[in-house]
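A.B. asks: For reference, this is work09.cif, and it has mmCIF, C-alpha atoms.
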```
data_work
#
loop_
_atom_site.group_PDB
_atom_site.id
_atom_site.type_symbol
_atom_site.label_atom_id
_atom_site.label_comp_id
_atom_site.auth_asym_id
_atom_site.auth_seq_id
_atom_site.Cartn_x
_atom_site.Cartn_y
_atom_site.Cartn_z
ATOM 1 C CA MET L 1 104.895 122.135 46.088
ATOM 2 C CA ASN L 2 107.011 119.397 44.568
ATOM 3 C CA ASN L 3 109.944 120.347 46.669
ATOM 4 C CA PHE L 4 107.895 120.430 49.803
ATOM 5 C CA ILE L 5 106.465 116.953 49.338
ATOM 6 C CA THR L 6 109.851 115.340 48.791
ATOM 7 C CA LYS L 7 111.229 117.056 51.849
ATOM 8 C CA LEU L 8 108.218 116.228 53.999
ATOM 9 C CA PRO L 9 109.667 113.025 55.510
ATOM 10 C CA LEU L 10 112.785 114.936 56.516
ATOM 11 C CA VAL L 11 110.723 117.727 58.088
ATOM 12 C CA VAL L 12 108.599 115.225 60.012
ATOM 13 C CA PHE L 13 111.716 113.417 61.160
ATOM 14 C CA VAL L 14 113.347 116.597 62.426
ATOM 15 C CA ILE L 15 110.180 117.597 64.297
ATOM 16 C CA LEU L 16 109.986 114.136 65.842
ATOM 17 C CA VAL L 17 113.610 114.187 67.020
ATOM 18 C CA ALA L 18 113.223 117.708 68.385
ATOM 19 C CA SER L 19 110.101 116.846 70.365
ATOM 20 C CA LEU L 20 111.665 113.661 71.716
ATOM 21 C CA PHE L 21 114.598 115.752 72.913
ATOM 22 C CA ILE L 22 112.305 118.188 74.657
ATOM 23 C CA PHE L 23 110.379 115.402 76.395
ATOM 24 C CA LEU L 24 113.636 113.742 77.395
ATOM 25 C CA LYS L 25 114.601 116.874 79.298
ATOM 26 C CA ASN L 26 111.200 116.959 80.943
ATOM 27 C CA ASP L 27 111.588 115.570 84.435
ATOM 28 C CA ASN L 28 108.846 113.017 84.762
ATOM 29 C CA GLN L 29 109.713 112.068 88.296
ATOM 30 C CA GLU L 30 107.479 114.770 89.612
ATOM 31 C CA LEU L 31 103.870 114.091 88.718
ATOM 32 C CA ASN L 32 101.704 117.088 88.131
ATOM 33 C CA SER L 33 98.990 117.171 90.678
ATOM 34 C CA VAL L 34 95.484 117.028 89.283
ATOM 35 C CA LEU L 35 94.427 118.821 92.439
ATOM 36 C CA ILE L 36 95.793 122.226 91.413
ATOM 37 C CA ASP L 37 93.013 124.820 91.764
ATOM 38 C CA LYS L 38 90.782 122.296 93.531
ATOM 39 C CA GLU L 39 89.383 122.455 97.050
ATOM 40 C CA PHE L 40 91.289 120.845 99.882
ATOM 41 C CA PRO L 41 89.647 117.441 100.544
ATOM 42 C CA GLU L 42 87.341 116.882 103.513
ATOM 43 C CA PHE L 43 88.711 114.819 106.382
ATOM 44 C CA ASN L 44 87.943 113.762 109.897
ATOM 45 C CA LEU L 45 91.076 112.743 111.819
ATOM 46 C CA SER L 46 92.520 113.200 115.262
ATOM 47 C CA SER L 47 95.303 115.675 115.978
ATOM 48 C CA LEU L 48 98.748 114.230 116.571
ATOM 49 C CA ASP L 49 98.632 115.261 120.248
ATOM 50 C CA LYS L 50 95.194 113.594 120.584
ATOM 51 C CA SER L 51 93.733 116.839 121.921
ATOM 52 C CA LYS L 52 90.889 117.075 119.386
ATOM 53 C CA VAL L 53 89.237 115.751 116.253
ATOM 54 C CA LEU L 54 90.204 117.859 113.257
ATOM 55 C CA THR L 55 88.263 118.636 110.085
ATOM 56 C CA LYS L 56 88.880 120.866 107.103
ATOM 57 C CA ASN L 57 87.358 123.796 109.034
ATOM 58 C CA ASP L 58 90.319 123.755 111.403
ATOM 59 C CA LEU L 59 92.649 124.754 108.569
ATOM 60 C CA GLU L 60 91.384 128.293 108.822
ATOM 61 C CA GLU L 61 94.345 130.616 108.409
ATOM 62 C CA LEU L 62 94.751 131.271 104.695
ATOM 63 C CA PRO L 63 97.099 131.086 102.942
ATOM 64 C CA PHE L 64 98.780 128.046 104.459
ATOM 65 C CA ILE L 65 101.148 125.241 103.601
ATOM 66 C CA ILE L 66 100.548 121.698 104.743
ATOM 67 C CA ASN L 67 103.527 119.390 104.986
ATOM 68 C CA ILE L 68 103.364 115.586 104.873
ATOM 69 C CA TRP L 69 105.980 114.225 107.247
ATOM 70 C CA ALA L 70 106.946 111.144 109.255
ATOM 71 C CA THR L 71 109.658 110.031 111.644
ATOM 72 C CA TRP L 72 110.757 107.326 109.178
ATOM 73 C CA CYS L 73 111.249 109.938 106.468
ATOM 74 C CA ILE L 74 114.869 111.038 106.234
ATOM 75 C CA THR L 75 114.348 113.880 103.768
ATOM 76 C CA CYS L 76 111.839 115.375 106.202
ATOM 77 C CA ARG L 77 114.724 116.057 108.588
ATOM 78 C CA VAL L 78 116.568 117.877 105.826
ATOM 79 C CA GLU L 79 113.715 120.338 105.336
ATOM 80 C CA HIS L 80 112.912 120.621 109.045
ATOM 81 C CA PRO L 81 115.143 123.673 109.731
ATOM 82 C CA PHE L 82 113.513 125.556 106.865
ATOM 83 C CA LEU L 83 110.032 124.709 108.167
ATOM 84 C CA MET L 84 111.111 126.089 111.561
ATOM 85 C CA GLU L 85 112.084 129.268 109.749
ATOM 86 C CA LEU L 86 108.705 129.466 108.007
ATOM 87 C CA LYS L 87 106.985 129.115 111.367
ATOM 88 C CA ASN L 88 108.161 132.647 112.116
ATOM 89 C CA ASN L 89 106.921 134.003 108.804
ATOM 90 C CA PRO L 90 103.757 136.019 109.593
ATOM 91 C CA ASP L 91 102.424 135.717 106.021
ATOM 92 C CA ILE L 92 101.945 131.967 106.078
ATOM 93 C CA THR L 93 100.645 129.289 108.451
ATOM 94 C CA VAL L 94 102.300 125.883 108.557
ATOM 95 C CA TYR L 95 100.213 122.774 109.229
ATOM 96 C CA GLY L 96 101.438 119.172 109.201
ATOM 97 C CA ILE L 97 100.088 115.770 108.291
ATOM 98 C CA ASN L 98 101.835 113.028 110.204
ATOM 99 C CA TYR L 99 101.812 110.275 107.604
ATOM 100 C CA LYS L 100 101.720 106.541 108.414
ATOM 101 C CA ASP L 101 103.652 106.959 111.606
ATOM 102 C CA ASP L 102 103.767 106.029 115.256
ATOM 103 C CA ARG L 103 102.112 108.687 117.400
ATOM 104 C CA ARG L 104 104.562 108.498 120.303
ATOM 105 C CA GLU L 105 107.669 108.521 118.151
ATOM 106 C CA ALA L 106 106.322 111.450 116.181
ATOM 107 C CA LEU L 107 105.620 113.498 119.312
ATOM 108 C CA ASN L 108 109.071 112.592 120.630
ATOM 109 C CA LEU L 109 110.747 113.824 117.487
ATOM 110 C CA LEU L 110 108.880 117.147 117.647
ATOM 111 C CA ASP L 111 109.900 117.515 121.301
ATOM 112 C CA ARG L 112 113.526 116.904 120.487
ATOM 113 C CA THR L 113 113.934 118.912 117.294
ATOM 114 C CA GLY L 114 111.208 121.529 117.576
ATOM 115 C CA ASN L 115 107.664 121.722 116.220
ATOM 116 C CA PRO L 116 107.241 123.885 113.119
ATOM 117 C CA PHE L 117 103.519 123.097 112.793
ATOM 118 C CA LYS L 118 100.549 124.949 114.225
ATOM 119 C CA PHE L 119 99.182 121.429 114.589
ATOM 120 C CA SER L 120 99.669 118.069 112.896
ATOM 121 C CA ILE L 121 96.864 115.874 111.611
ATOM 122 C CA PHE L 122 97.461 112.238 112.573
ATOM 123 C CA ASP L 123 96.926 110.070 109.474
ATOM 124 C CA PRO L 124 98.284 106.591 110.320
ATOM 125 C CA GLU L 125 96.526 104.833 107.417
ATOM 126 C CA GLY L 126 97.274 107.524 104.851
ATOM 127 C CA ARG L 127 93.576 108.172 104.139
ATOM 128 C CA LEU L 128 93.816 111.949 103.784
ATOM 129 C CA ALA L 129 97.096 111.380 101.936
ATOM 130 C CA ILE L 130 95.322 109.285 99.275
ATOM 131 C CA ASP L 131 92.744 112.039 98.843
ATOM 132 C CA LEU L 132 95.655 114.424 98.213
ATOM 133 C CA GLY L 133 97.298 112.079 95.721
ATOM 134 C CA VAL L 134 100.332 111.726 97.987
ATOM 135 C CA TYR L 135 102.748 108.914 97.194
ATOM 136 C CA GLY L 136 105.553 109.516 99.624
ATOM 137 C CA ALA L 137 107.003 111.893 102.156
ATOM 138 C CA PRO L 138 107.851 114.673 102.292
ATOM 139 C CA GLU L 139 105.319 116.537 100.197
ATOM 140 C CA THR L 140 104.146 120.088 100.659
ATOM 141 C CA PHE L 141 100.943 121.732 99.432
ATOM 142 C CA LEU L 142 100.187 125.429 99.373
ATOM 143 C CA ILE L 143 96.587 126.523 99.753
ATOM 144 C CA GLY L 144 96.035 130.054 98.542
ATOM 145 C CA LYS L 145 93.943 132.898 99.893
ATOM 146 C CA ASP L 146 90.965 131.645 97.886
ATOM 147 C CA GLY L 147 91.134 128.294 99.700
ATOM 148 C CA LEU L 148 92.231 126.369 96.615
ATOM 149 C CA ILE L 149 95.326 124.199 96.247
ATOM 150 C CA LYS L 150 97.971 126.202 94.377
ATOM 151 C CA VAL L 151 101.229 124.283 94.663
ATOM 152 C CA ARG L 152 102.216 120.710 95.212
ATOM 153 C CA HIS L 153 105.856 119.954 95.836
ATOM 154 C CA THR L 154 107.352 116.496 96.332
ATOM 155 C CA GLY L 155 110.676 116.148 98.098
ATOM 156 C CA ALA L 156 112.473 118.476 100.459
ATOM 157 C CA LEU L 157 111.230 122.045 100.761
ATOM 158 C CA THR L 158 114.308 124.231 100.398
ATOM 159 C CA PRO L 159 114.632 128.033 100.323
ATOM 160 C CA GLU L 160 115.298 127.779 96.563
ATOM 161 C CA VAL L 161 112.105 125.788 95.933
ATOM 162 C CA TRP L 162 110.237 128.187 98.163
ATOM 163 C CA GLU L 163 111.392 131.179 96.114
ATOM 164 C CA GLU L 164 110.681 129.474 92.831
ATOM 165 C CA LYS L 165 107.287 127.912 93.442
ATOM 166 C CA PHE L 166 105.637 129.256 96.573
ATOM 167 C CA THR L 167 106.326 132.936 97.135
ATOM 168 C CA GLU L 168 104.173 134.154 94.263
ATOM 169 C CA TYR L 169 101.048 133.072 96.179
ATOM 170 C CA ILE L 170 102.013 134.901 99.358
ATOM 171 C CA ASP L 171 101.954 138.630 100.064
ATOM 172 C CA MET M 1 112.032 60.811 88.057
ATOM 173 C CA LYS M 2 113.255 62.298 91.330
ATOM 174 C CA LYS M 3 114.289 65.409 89.469
ATOM 175 C CA LEU M 4 110.884 65.680 87.880
ATOM 176 C CA ILE M 5 109.135 65.456 91.244
ATOM 177 C CA PHE M 6 111.525 68.048 92.648
ATOM 178 C CA PHE M 7 110.740 70.477 89.843
ATOM 179 C CA LEU M 8 107.042 69.851 90.170
ATOM 180 C CA LEU M 9 107.221 70.603 93.872
ATOM 181 C CA VAL M 10 109.209 73.773 93.250
ATOM 182 C CA PHE M 11 106.686 74.792 90.640
ATOM 183 C CA ILE M 12 103.722 74.170 92.921
ATOM 184 C CA PHE M 13 105.225 76.045 95.846
ATOM 185 C CA ASN M 14 106.169 78.894 93.585
ATOM 186 C CA SER M 15 102.674 79.296 92.281
ATOM 187 C CA LEU M 16 101.340 79.067 95.837
ATOM 188 C CA SER M 17 103.580 81.871 97.035
ATOM 189 C CA CYS M 18 102.471 84.075 94.137
ATOM 190 C CA GLU M 19 98.833 83.640 95.031
ATOM 191 C CA GLU M 20 99.461 84.313 98.678
ATOM 192 C CA GLY M 21 99.570 88.111 98.435
ATOM 193 C CA ASN M 22 96.045 88.656 97.250
ATOM 194 C CA ASP M 23 94.550 86.020 99.499
ATOM 195 C CA LEU M 24 95.028 88.481 102.326
ATOM 196 C CA TYR M 25 92.004 90.232 100.868
ATOM 197 C CA SER M 26 88.625 88.574 101.248
ATOM 198 C CA PHE M 27 85.764 89.151 98.855
ATOM 199 C CA ASN M 28 82.079 88.285 98.712
ATOM 200 C CA ASN M 29 82.463 86.339 95.488
ATOM 201 C CA ASP M 30 84.968 85.147 92.908
ATOM 202 C CA ILE M 31 84.012 87.814 90.383
ATOM 203 C CA ASP M 32 85.065 90.569 92.777
ATOM 204 C CA TYR M 33 88.302 88.721 93.434
ATOM 205 C CA GLU M 34 89.005 88.581 89.691
ATOM 206 C CA ARG M 35 88.135 92.268 89.333
ATOM 207 C CA PHE M 36 90.539 93.094 92.142
ATOM 208 C CA ASN M 37 93.356 91.215 90.448
ATOM 209 C CA SER M 38 92.785 92.699 87.019
ATOM 210 C CA LEU M 39 92.373 96.248 88.373
ATOM 211 C CA ASN M 40 95.676 95.932 90.220
ATOM 212 C CA LYS M 41 97.339 95.011 86.942
ATOM 213 C CA GLU M 42 95.806 97.987 85.115
ATOM 214 C CA LEU M 43 96.742 100.499 87.809
ATOM 215 C CA ARG M 44 100.200 101.937 88.102
ATOM 216 C CA CYS M 45 102.211 102.386 91.265
ATOM 217 C CA PRO M 46 102.742 106.167 91.633
ATOM 218 C CA LYS M 47 106.057 105.727 93.435
ATOM 219 C CA CYS M 48 107.784 103.128 91.313
ATOM 220 C CA GLN M 49 106.878 104.489 87.853
ATOM 221 C CA SER M 50 107.026 101.307 85.790
ATOM 222 C CA SER M 51 105.363 98.757 87.980
ATOM 223 C CA SER M 52 101.704 97.935 88.464
ATOM 224 C CA LEU M 53 100.085 97.941 91.894
ATOM 225 C CA ASP M 54 100.025 94.176 91.553
ATOM 226 C CA GLY M 55 103.764 93.925 90.994
ATOM 227 C CA SER M 56 104.788 96.394 93.663
ATOM 228 C CA ASN M 57 105.291 96.009 97.383
ATOM 229 C CA SER M 58 105.903 99.673 98.120
ATOM 230 C CA PRO M 59 103.843 101.076 101.005
ATOM 231 C CA ILE M 60 101.817 103.350 98.734
ATOM 232 C CA SER M 61 100.881 100.411 96.500
ATOM 233 C CA LYS M 62 99.658 98.501 99.516
ATOM 234 C CA ASP M 63 97.572 101.470 100.600
ATOM 235 C CA LEU M 64 96.092 101.860 97.145
ATOM 236 C CA LYS M 65 95.351 98.131 96.957
ATOM 237 C CA ASN M 66 93.580 98.407 100.293
ATOM 238 C CA GLN M 67 91.603 101.311 98.900
ATOM 239 C CA VAL M 68 90.660 99.377 95.747
ATOM 240 C CA HIS M 69 89.598 96.474 97.949
ATOM 241 C CA LYS M 70 87.458 98.767 100.061
ATOM 242 C CA LEU M 71 85.820 100.367 97.041
ATOM 243 C CA ILE M 72 85.029 96.956 95.514
ATOM 244 C CA LEU M 73 83.365 95.883 98.763
ATOM 245 C CA GLU M 74 81.378 99.123 98.684
ATOM 246 C CA GLY M 75 79.992 97.985 95.351
ATOM 247 C CA LYS M 76 81.818 100.488 93.119
ATOM 248 C CA THR M 77 82.274 99.602 89.434
ATOM 249 C CA ASP M 78 85.697 99.320 87.773
ATOM 250 C CA ASP M 79 85.127 102.650 86.036
ATOM 251 C CA GLU M 80 84.169 104.377 89.254
ATOM 252 C CA ILE M 81 87.294 103.045 90.956
ATOM 253 C CA LYS M 82 89.535 104.220 88.115
ATOM 254 C CA SER M 83 87.885 107.648 88.105
ATOM 255 C CA TYR M 84 88.348 107.843 91.867
ATOM 256 C CA LEU M 85 92.089 107.270 91.495
ATOM 257 C CA ILE M 86 92.494 109.503 88.435
ATOM 258 C CA ALA M 87 90.827 112.342 90.356
ATOM 259 C CA ARG M 88 93.577 112.052 92.954
ATOM 260 C CA TYR M 89 96.665 110.822 91.111
ATOM 261 C CA GLY M 90 95.974 111.926 87.535
ATOM 262 C CA ASP M 91 95.911 110.042 84.234
ATOM 263 C CA TYR M 92 99.263 108.626 85.181
ATOM 264 C CA ILE M 93 97.713 106.062 87.508
ATOM 265 C CA VAL M 94 96.085 104.025 84.722
ATOM 266 C CA TYR M 95 98.230 102.156 82.212
ATOM 267 C CA GLU M 96 95.800 102.693 79.374
ATOM 268 C CA PRO M 97 95.418 106.456 79.021
ATOM 269 C CA ARG M 98 91.933 107.861 78.694
ATOM 270 C CA PHE M 99 90.863 109.785 75.646
ATOM 271 C CA ASN M 100 90.973 113.505 76.451
ATOM 272 C CA SER M 101 92.591 116.726 75.254
ATOM 273 C CA THR M 102 96.044 115.919 76.680
ATOM 274 C CA THR M 103 96.106 112.353 75.365
ATOM 275 C CA LEU M 104 94.656 113.294 71.972
ATOM 276 C CA VAL M 105 98.072 113.337 70.296
ATOM 277 C CA LEU M 106 98.796 109.932 71.756
ATOM 278 C CA TRP M 107 95.682 108.362 70.297
ATOM 279 C CA VAL M 108 95.349 110.235 67.006
ATOM 280 C CA GLY M 109 99.043 110.952 66.318
ATOM 281 C CA PRO M 110 99.926 107.561 64.807
ATOM 282 C CA PHE M 111 97.012 107.784 62.349
ATOM 283 C CA ILE M 112 98.088 111.263 61.267
ATOM 284 C CA PHE M 113 101.621 109.989 60.721
ATOM 285 C CA LEU M 114 100.281 107.053 58.740
ATOM 286 C CA PHE M 115 98.222 109.418 56.618
ATOM 287 C CA ILE M 116 101.224 111.674 55.920
ATOM 288 C CA VAL M 117 103.394 108.737 54.925
ATOM 289 C CA LEU M 118 100.734 107.205 52.684
ATOM 290 C CA PHE M 119 100.093 110.560 51.068
ATOM 291 C CA ALA M 120 103.796 111.142 50.408
ATOM 292 C CA ALA M 121 104.264 107.628 49.070
ATOM 293 C CA PHE M 122 101.251 107.945 46.815
ATOM 294 C CA TYR M 123 102.371 111.318 45.510
ATOM 295 C CA LEU M 124 105.943 110.228 44.825
ATOM 296 C CA ASN M 125 104.699 107.131 43.062
ATOM 297 C CA MET M 126 102.411 109.217 40.859
ATOM 298 C CA ARG M 127 105.243 111.546 39.917
ATOM 299 C CA LYS M 128 107.536 108.673 39.048
ATOM 300 C CA ARG M 129 104.933 107.302 36.678
ATOM 301 C CA LYS M 130 104.417 110.673 35.086
ATOM 302 C CA ASP M 131 108.170 111.065 34.610
ATOM 303 C CA ALA M 132 108.299 107.621 33.044
ATOM 304 C CA GLU M 133 105.455 108.509 30.678
ATOM 305 C CA VAL M 134 107.114 111.714 29.606
ATOM 306 C CA LYS M 135 110.299 109.870 28.797
#
```
The structure in this file should be written as C-alpha cells.
C.D. replies:
Amino acid sequence: MNNFITKLPLVVFVILVASLFIFLKNDNQELNSVLIDKEFPEFNLSSLDKSKVLTKNDLEELPFIINIWATWCITCRVEHPFLMELKNNPDITVYGINYKDDRREALNLLDRTGNPFKFSIFDPEGRLAIDLGVYGAPETFLIGKDGLIKVRHTGALTPEVWEEKFTEYID
Amino acid sequence: MKKLIFFLLVFIFNSLSCEEGNDLYSFNNDIDYERFNSLNKELRCPKCQSSSLDGSNSPISKDLKNQVHKLILEGKTDDEIKSYLIARYGDYIVYEPRFNSTTLVLWVGPFIFLFIVLFAAFYLNMRKRKDAEVK
C-alpha cells in the first residue's frame, strides 16, 4: 500500500502521457457524423436537370451512396473516374447532390466528363447539405439496406476508402 | 493633434468595418441582434476548426449564420438553435461542450485528478509526521 501511494503520481503521469499520445495520433480533421444510424433527412428540391421535384421517396434503390459535388470542387474531379466505375456496379446506386453550384455549369461538366449519378439533387443554398452536417465537398454518404445512414466520408472517394469503409454494407 | 485625429479616424473606420458584416442581417429587435452575435461567437466553424462562425468567412460559416438568422426569426430559443446544429454537426459545433457520456471525462476528470493529488499529498504528509514521531 505504501509503495503504491508513493508511486501513484508517476502512474498517473504515465497514463496521462500515454493517452495524450493516443489522442495525438487520432486524426481530428474528420468529424464523426452524428447521423450514423439515423434516417436520411427529408427534403424537397428540384433535380439538377429541372425535370422534376425530388423528395426522399425518390431515393428508392437501397443500398445507395449519395455524393456531394460541385463544379468548383477540385477534389470532386479526382474521385469522378471512380464514381463512373461505381455506376456500373449492380449492387449499389449512385445519387448526387449538386452543392452550391451553378446549374448550367454543372450540367455542362456532366456532359463533358460523364454522369455517374442516377440523378443529382440541385441544392444551390446548401439546405439539404446542412441537414446532413456537410461542411465541404466532396462528401459521400452510404445508406444501407435498412434505409439508415451507415457511412460518412469526407474528401475524395478512392478505391482504397471504398474497400475500407463501404464494402461491408454491400452484398 | 493631426496625428491624434488621424488615429481617431482610423479607429472609427475600423470599428465601422467590423460591424458591417452582421448588419447584413436584419432583426425585429435589438435583443435578437445581440443573440445572433453571441450565438455566432459560441458556435464553431466546422471547416476551419479553431474559428467561431463569427470570425470565419468560409462559405459554410456564412450558410450556418444564415441558418441561425432564419431560426432566430422563426422564434427559436438559443438552446433550440444549438440543439438543431448539434443534431447535424455533433458536439463539435459548440465551443462549450455539453454534459453527456462522451464529455463526462472532460467535466469530471479535473476534479478526480484534484482528489487524487490531495489524497496523495495528505497521505504523504501523514506518513512524514509519523516517521518524525517515531524518531
A.B. asks: Please evaluate the PyMOL selection byres ((chain M) within 10 of (chain L)) against the displayed coordinates and give the resulting residues as an MDAnalysis selection string.
C.D. replies: chainID M and resid 45:49 58:61 63:64 67 84:92 113 116:117 119:121 123:124 127
A.B. asks: Where does the PyMOL selection byres ((chain L and resi 142) around 7) land in this file, that is, which residues does it pick, as a list in words?
C.D. replies: Phe64, Ile65, Ile66, Thr140, Phe141, Ile143, Gly144, Ile149, Lys150, Val151 and Arg152 of chain L
A.B. asks: What lies within 10 Å of Thr113 of chain L using all atoms listed in the file, ignoring chain neighbours under 4 positions off, as a PyMOL selection string?
C.D. replies: chain L and resi 77+80-81+84+108-109
A.B. asks: List the residues matched by the PyMOL selection byres ((chain L and resi 103) around 9) in the displayed structure as a list in words, ordered by chain and then by residue number.
C.D. replies: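 With the PyMOL selection byres ((chain L and resi 103) around 9) on this model, the match is Leu48, Asp49, Asn98, Asp101, Asp102, Arg104, Glu105, Ala106, Leu107, Asn108, Phe122 and Pro124 of chain L.
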A.B. asks: I need the residue nearest Lys50 of chain L from this list: L:Leu62, L:Ile121, L:Leu148, L:Leu20. Use all atoms listed in the file for the distance.
C.D. replies: L:Ile121
A.B. asks: Distance atom CA of Asn57 of chain L-atom CA of Lys87 of chain L, one decimal place?
C.D. replies: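 Atom CA of Asn57 of chain L sits 20.5 Å away from atom CA of Lys87 of chain L.
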A.B. asks: Grab the atom CA of Asn88 of chain L to atom CA of Gly114 of chain L distance for me, in Å with one decimal place.
C.D. replies: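 Separation of atom CA of Asn88 of chain L and atom CA of Gly114 of chain L: 12.8 Å.
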A.B. asks: Quick one: of M:Arg129, M:Lys62, M:Lys135, M:Arg35, who's nearest to Gly75 of chain M, counting all atoms listed in the file?
C.D. replies: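 Using all atoms listed in the file, the shortest distance to Gly75 of chain M belongs to M:Arg35.
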A.B. asks: Residues within 10 Å of (101.3, 95.4, 85.4), file coordinates, counting only C-alpha atoms: what are they? Give the list as a ChimeraX atom specification.
C.D. replies: /M:38-45,50-56,95
A.B. asks: Could you please determine the separation between atom CA of Lys130 of chain M and atom CA of Leu114 of chain M in Å, to one decimal place?
C.D. replies: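 Going from atom CA of Lys130 of chain M over to atom CA of Leu114 of chain M covers 24.3 Å.
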A.B. asks: What would the list of residues within 12 Å of (114.3, 121.8, 106.1) (file frame) look like as a ChimeraX atom specification, if all atoms listed in the file are what count?
C.D. replies: /L:67,69,74-87,113-114,116,138-140,155-162
A.B. asks: Skipping near chain neighbours, those fewer than 6 positions away, what residues fall within 10 Å of Phe27 of chain M using only C-alpha atoms, listed as a ChimeraX atom specification?
C.D. replies: /M:33-34,36,69-70,72-73
